[in-house]
Amino acid sequence: MTMKPYLAWGGLSAAAAIIIGSFVSPAIASWTDPQEENETVRIRFQNDYTRSIFSLAISPRRIDDWQDLLGSDIVKSSESIDLELNYTELRNRGCEYRIRAVYSDGSTTILEDPPYNLCRIRHVKFGARPSANPYSPEG
């Protein structure tokens with residue numbers, strides 16, 4: 001089941017609220033920390049590279065089990081996408097994940113050291129200086 005409403009963010013189109021496999025529940029996510037069972041976590045993935053992200057996936061820290069987050073969507077250069085992930089599923093798998101982006105030229109970035117706590121992170125940026133932080137993105 002995939003829901004893909006689109007909205008403008010910073011003058012650029014960005015996909016919002018994508019429902020992905022078992023990681024997403026029907027609850028409404030906010031930028032704050034989830035408190036209830038089956039609540040979703042909203043994370044903004046921002047592409048600051050000059051090439052598009054064709055694949056975005058997460059895998060638990062010690063398991064090579066990559067879960068696709070984009071499906072057929074693409075995150076173009078200077079755009080971002082807000083994804084809602086199932087908090088309970090993330091927590092049950094330990095919250096610590098690796099994040100992989102594959103770009104239009106076939107190159108790959110894997111954020112894994114340290115593993116990223118997806119139960120708390122709200123903003124992941126890919127670019128010359130990839131970063132992840134627990135604060136809600138501006139805008």
# chains A, B, ... in the order shown; residues from 1 in each chain; ligands from 1
$ residues_around --residues "Ile74 (chain A)" --least-positions-apart "6" --cutoff "7 Å" --atoms "only C-alpha atoms" --output "ChimeraX atom specification"
/A:52-54
$ write_last_selection --atoms "N, CA and C atoms" --output "PDB file, in the first residue's frame"
ATOM      1  N   SER A  52      20.818  12.541  -8.765  1.00  0.00           N
ATOM      2  CA  SER A  52      19.581  12.058  -8.136  1.00  0.00           C
ATOM      3  C   SER A  52      19.824  10.778  -7.350  1.00  0.00           C
ATOM      4  N   ILE A  53      19.020  10.595  -6.298  1.00  0.00           N
ATOM      5  CA  ILE A  53      19.022   9.341  -5.547  1.00  0.00           C
ATOM      6  C   ILE A  53      17.963   8.442  -6.181  1.00  0.00           C
ATOM      7  N   PHE A  54      18.404   7.291  -6.701  1.00  0.00           N
ATOM      8  CA  PHE A  54      17.500   6.343  -7.345  1.00  0.00           C
ATOM      9  C   PHE A  54      17.033   5.254  -6.389  1.00  0.00           C
TER      10      PHE A  54
END
$ residues_around --residues "Thr50 (chain A)" --least-positions-apart "5" --cutoff "10 Å" --atoms "only C-alpha atoms" --output "number ranges by chain"
A: 76-78, 103-104, 127-128
$ write_last_selection --atoms "all heavy atoms" --output "PDB file, in the first residue's frame"
ATOM      1  N   LYS A  76      15.507  13.942  -6.548  1.00  0.00           N
ATOM      2  CA  LYS A  76      16.402  14.710  -7.410  1.00  0.00           C
ATOM      3  C   LYS A  76      17.338  15.578  -6.582  1.00  0.00           C
ATOM      4  O   LYS A  76      17.111  15.826  -5.406  1.00  0.00           O
ATOM      5  CB  LYS A  76      15.583  15.572  -8.367  1.00  0.00           C
ATOM      6  CG  LYS A  76      14.775  14.758  -9.343  1.00  0.00           C
ATOM      7  CD  LYS A  76      13.973  15.640 -10.266  1.00  0.00           C
ATOM      8  CE  LYS A  76      13.148  14.781 -11.212  1.00  0.00           C
ATOM      9  NZ  LYS A  76      12.277  15.599 -12.050  1.00  0.00           N
ATOM     10  N   SER A  77      18.379  16.059  -7.240  1.00  0.00           N
ATOM     11  CA  SER A  77      19.336  16.959  -6.610  1.00  0.00           C
ATOM     12  C   SER A  77      18.616  18.156  -6.009  1.00  0.00           C
ATOM     13  O   SER A  77      17.693  18.703  -6.615  1.00  0.00           O
ATOM     14  CB  SER A  77      20.346  17.432  -7.656  1.00  0.00           C
ATOM     15  OG  SER A  77      21.238  18.358  -7.099  1.00  0.00           O
ATOM     16  N   SER A  78      18.992  18.523  -4.805  1.00  0.00           N
ATOM     17  CA  SER A  78      18.429  19.668  -4.064  1.00  0.00           C
ATOM     18  C   SER A  78      16.984  19.458  -3.624  1.00  0.00           C
ATOM     19  O   SER A  78      16.325  20.407  -3.224  1.00  0.00           O
ATOM     20  CB  SER A  78      18.527  20.956  -4.886  1.00  0.00           C
ATOM     21  OG  SER A  78      19.870  21.225  -5.209  1.00  0.00           O
ATOM     22  N   TYR A 103      22.925   6.466  -6.297  1.00  0.00           N
ATOM     23  CA  TYR A 103      22.705   7.639  -7.149  1.00  0.00           C
ATOM     24  C   TYR A 103      22.569   7.273  -8.621  1.00  0.00           C
ATOM     25  O   TYR A 103      22.859   6.150  -9.020  1.00  0.00           O
ATOM     26  CB  TYR A 103      23.865   8.624  -6.948  1.00  0.00           C
ATOM     27  CG  TYR A 103      24.024   9.017  -5.513  1.00  0.00           C
ATOM     28  CD1 TYR A 103      24.918   8.360  -4.688  1.00  0.00           C
ATOM     29  CD2 TYR A 103      23.231  10.009  -4.953  1.00  0.00           C
ATOM     30  CE1 TYR A 103      25.041   8.686  -3.353  1.00  0.00           C
ATOM     31  CE2 TYR A 103      23.343  10.342  -3.608  1.00  0.00           C
ATOM     32  CZ  TYR A 103      24.253   9.678  -2.823  1.00  0.00           C
ATOM     33  OH  TYR A 103      24.365   9.992  -1.497  1.00  0.00           O
ATOM     34  N   SER A 104      22.167   8.254  -9.404  1.00  0.00           N
ATOM     35  CA  SER A 104      21.913   8.064 -10.835  1.00  0.00           C
ATOM     36  C   SER A 104      23.142   7.573 -11.588  1.00  0.00           C
ATOM     37  O   SER A 104      23.004   6.913 -12.617  1.00  0.00           O
ATOM     38  CB  SER A 104      21.401   9.365 -11.451  1.00  0.00           C
ATOM     39  OG  SER A 104      22.287  10.435 -11.190  1.00  0.00           O
ATOM     40  N   GLY A 127      25.214  14.325   0.834  1.00  0.00           N
ATOM     41  CA  GLY A 127      25.948  15.348   0.112  1.00  0.00           C
ATOM     42  C   GLY A 127      27.416  15.239   0.438  1.00  0.00           C
ATOM     43  O   GLY A 127      27.892  14.199   0.896  1.00  0.00           O
ATOM     44  N   ALA A 128      28.162  16.329   0.227  1.00  0.00           N
ATOM     45  CA  ALA A 128      29.596  16.326   0.509  1.00  0.00           C
ATOM     46  C   ALA A 128      29.866  16.013   1.977  1.00  0.00           C
ATOM     47  O   ALA A 128      30.856  15.387   2.316  1.00  0.00           O
ATOM     48  CB  ALA A 128      30.197  17.670   0.135  1.00  0.00           C
TER      49      ALA A 128
END
$ residues_around --residues "Pro134 (chain A)" --least-positions-apart "2" --cutoff "6 Å" --atoms "only C-alpha atoms" --output "PyMOL selection string"
chain A and resi 120-122
$ write_last_selection --atoms "C-alpha atoms" --output "compact mmCIF listing (two decimals), in the first residue's frame"
# COMPACT_ATOMS: atom_id res chain seq x y z
CA ARG A 120 15.19 9.42 17.19
CA ILE A 121 16.60 10.86 13.92
CA ARG A 122 14.35 13.33 12.07
$ residues_around --residues "His123 (chain A)" --least-positions-apart "4" --cutoff "7 Å" --atoms "only C-alpha atoms" --output "VMD selection string"
chain A and resid 43 to 45 132 to 137
$ write_last_selection --atoms "all heavy atoms" --output "mmCIF file, in the first residue's frame"
data_model
loop_
_atom_site.group_PDB
_atom_site.id
_atom_site.type_symbol
_atom_site.label_atom_id
_atom_site.label_comp_id
_atom_site.auth_asym_id
_atom_site.auth_seq_id
_atom_site.Cartn_x
_atom_site.Cartn_y
_atom_site.Cartn_z
ATOM 1 N N ILE A 43 10.825 11.046 8.991
ATOM 2 C CA ILE A 43 12.218 11.404 8.758
ATOM 3 C C ILE A 43 12.324 12.068 7.393
ATOM 4 O O ILE A 43 11.795 11.552 6.414
ATOM 5 C CB ILE A 43 13.149 10.172 8.809
ATOM 6 C CG1 ILE A 43 13.008 9.450 10.150
ATOM 7 C CG2 ILE A 43 14.600 10.582 8.552
ATOM 8 C CD1 ILE A 43 13.741 8.129 10.220
ATOM 9 N N ARG A 44 13.001 13.204 7.346
ATOM 10 C CA ARG A 44 13.241 13.888 6.069
ATOM 11 C C ARG A 44 14.614 13.473 5.561
ATOM 12 O O ARG A 44 15.619 13.608 6.250
ATOM 13 C CB ARG A 44 13.196 15.397 6.222
ATOM 14 C CG ARG A 44 13.529 16.126 4.917
ATOM 15 C CD ARG A 44 13.135 17.574 4.962
ATOM 16 N NE ARG A 44 11.676 17.636 4.978
ATOM 17 C CZ ARG A 44 10.990 18.690 5.415
ATOM 18 N NH1 ARG A 44 11.607 19.766 5.854
ATOM 19 N NH2 ARG A 44 9.661 18.673 5.408
ATOM 20 N N PHE A 45 14.650 12.941 4.326
ATOM 21 C CA PHE A 45 15.886 12.581 3.653
ATOM 22 C C PHE A 45 16.147 13.649 2.601
ATOM 23 O O PHE A 45 15.328 13.849 1.704
ATOM 24 C CB PHE A 45 15.767 11.198 3.015
ATOM 25 C CG PHE A 45 15.636 10.092 4.037
ATOM 26 C CD1 PHE A 45 14.385 9.680 4.468
ATOM 27 C CD2 PHE A 45 16.760 9.473 4.560
ATOM 28 C CE1 PHE A 45 14.256 8.667 5.409
ATOM 29 C CE2 PHE A 45 16.630 8.466 5.506
ATOM 30 C CZ PHE A 45 15.387 8.061 5.928
ATOM 31 N N ALA A 132 23.114 13.353 10.045
ATOM 32 C CA ALA A 132 21.809 12.938 10.571
ATOM 33 C C ALA A 132 21.653 13.587 11.918
ATOM 34 O O ALA A 132 22.595 13.655 12.706
ATOM 35 C CB ALA A 132 21.757 11.423 10.700
ATOM 36 N N ASN A 133 20.465 14.128 12.179
ATOM 37 C CA ASN A 133 20.250 14.745 13.487
ATOM 38 C C ASN A 133 18.842 14.462 13.991
ATOM 39 O O ASN A 133 17.936 14.157 13.218
ATOM 40 C CB ASN A 133 20.573 16.235 13.462
ATOM 41 C CG ASN A 133 19.589 17.029 12.651
ATOM 42 O OD1 ASN A 133 18.409 17.057 12.963
ATOM 43 N ND2 ASN A 133 20.066 17.675 11.606
ATOM 44 N N PRO A 134 18.658 14.558 15.306
ATOM 45 C CA PRO A 134 17.366 14.245 15.914
ATOM 46 C C PRO A 134 16.366 15.389 15.854
ATOM 47 O O PRO A 134 15.246 15.246 16.336
ATOM 48 C CB PRO A 134 17.740 13.927 17.369
ATOM 49 C CG PRO A 134 18.950 14.750 17.624
ATOM 50 C CD PRO A 134 19.684 14.799 16.312
ATOM 51 N N TYR A 135 16.742 16.504 15.275
ATOM 52 C CA TYR A 135 15.865 17.677 15.278
ATOM 53 C C TYR A 135 15.030 17.735 14.016
ATOM 54 O O TYR A 135 15.479 17.366 12.934
ATOM 55 C CB TYR A 135 16.691 18.945 15.441
ATOM 56 C CG TYR A 135 17.555 18.886 16.662
ATOM 57 C CD1 TYR A 135 18.911 18.676 16.564
ATOM 58 C CD2 TYR A 135 16.992 18.981 17.936
ATOM 59 C CE1 TYR A 135 19.707 18.588 17.684
ATOM 60 C CE2 TYR A 135 17.783 18.888 19.068
ATOM 61 C CZ TYR A 135 19.137 18.694 18.938
ATOM 62 O OH TYR A 135 19.916 18.595 20.053
ATOM 63 N N SER A 136 13.819 18.227 14.164
ATOM 64 C CA SER A 136 12.948 18.364 12.993
ATOM 65 C C SER A 136 13.563 19.358 12.025
ATOM 66 O O SER A 136 14.135 20.358 12.440
ATOM 67 C CB SER A 136 11.551 18.807 13.408
ATOM 68 O OG SER A 136 11.597 20.056 14.041
ATOM 69 N N PRO A 137 13.476 19.064 10.725
ATOM 70 C CA PRO A 137 14.038 19.985 9.747
ATOM 71 C C PRO A 137 13.274 21.296 9.723
ATOM 72 O O PRO A 137 12.091 21.332 10.044
ATOM 73 C CB PRO A 137 13.907 19.239 8.426
ATOM 74 C CG PRO A 137 12.878 18.207 8.669
ATOM 75 C CD PRO A 137 12.868 17.914 10.123
#
$ residues_around --residues "Arg98 (chain A)" --least-positions-apart "3" --cutoff "12 Å" --atoms "only C-alpha atoms" --output "PyMOL selection string"
chain A and resi 56-67+94-95+101+109-118+124+132
$ residues_around --residues "Arg129 (chain A)" --least-positions-apart "4" --cutoff "10 Å" --atoms "only C-alpha atoms" --output "short mmCIF file (atom, residue, chain, number, x, y, z; two decimals) with C-alpha atoms, in the first residue's frame"
data_model
loop_
_atom_site.label_atom_id
_atom_site.label_comp_id
_atom_site.auth_asym_id
_atom_site.auth_seq_id
_atom_site.Cartn_x
_atom_site.Cartn_y
_atom_site.Cartn_z
CA ASP A 48 22.40 17.82 -1.48
CA TYR A 49 24.32 16.01 -4.24
CA LYS A 125 21.27 14.78 4.63
#
$ atom_distance --atom1 "CA of Ser80 (chain A)" --atom2 "CA of Val41 (chain A)"
16.2 Å
$ closest_residue --among "A:Arg100, A:Cys119, A:Thr88, A:Ser107" --to "Arg42 (chain A)" --atoms "only C-alpha atoms"
A:Cys119
$ atom_distance --atom1 "CA of Asp105 (chain A)" --atom2 "CA of Arg51 (chain A)"
7.4 Å
$ decode --residues "region 44-57 of chain A" --atoms "N, CA and C atoms" --output "CSV table (one decimal), in the first residue's frame"
chain,number,residue,atom,x,y,z
A,44,ARG,N,13.0,13.2,7.3
A,44,ARG,CA,13.2,13.9,6.1
A,44,ARG,C,14.6,13.5,5.6
A,45,PHE,N,14.7,12.9,4.3
A,45,PHE,CA,15.9,12.6,3.7
A,45,PHE,C,16.1,13.6,2.6
A,46,GLN,N,17.3,14.3,2.7
A,46,GLN,CA,17.6,15.5,1.9
A,46,GLN,C,18.8,15.1,1.0
A,47,ASN,N,18.6,15.4,-0.3
A,47,ASN,CA,19.7,15.2,-1.3
A,47,ASN,C,20.4,16.5,-1.7
A,48,ASP,N,21.6,16.6,-1.2
A,48,ASP,CA,22.4,17.8,-1.5
A,48,ASP,C,23.5,17.5,-2.5
A,49,TYR,N,23.4,16.3,-3.2
A,49,TYR,CA,24.3,16.0,-4.2
A,49,TYR,C,23.8,16.6,-5.5
A,50,THR,N,24.7,16.6,-6.6
A,50,THR,CA,24.3,17.1,-7.9
A,50,THR,C,23.6,16.0,-8.7
A,51,ARG,N,23.6,14.8,-8.2
A,51,ARG,CA,22.9,13.7,-8.9
A,51,ARG,C,21.7,13.2,-8.1
A,52,SER,N,20.8,12.5,-8.8
A,52,SER,CA,19.6,12.1,-8.1
A,52,SER,C,19.8,10.8,-7.4
A,53,ILE,N,19.0,10.6,-6.3
A,53,ILE,CA,19.0,9.3,-5.5
A,53,ILE,C,18.0,8.4,-6.2
A,54,PHE,N,18.4,7.3,-6.7
A,54,PHE,CA,17.5,6.3,-7.3
A,54,PHE,C,17.0,5.3,-6.4
A,55,SER,N,17.8,5.0,-5.3
A,55,SER,CA,17.4,4.0,-4.3
A,55,SER,C,17.8,4.5,-3.0
A,56,LEU,N,16.9,4.3,-2.0
A,56,LEU,CA,17.2,4.6,-0.6
A,56,LEU,C,16.7,3.4,0.2
A,57,ALA,N,17.6,2.9,1.1
A,57,ALA,CA,17.2,1.7,1.8
A,57,ALA,C,17.8,1.8,3.2
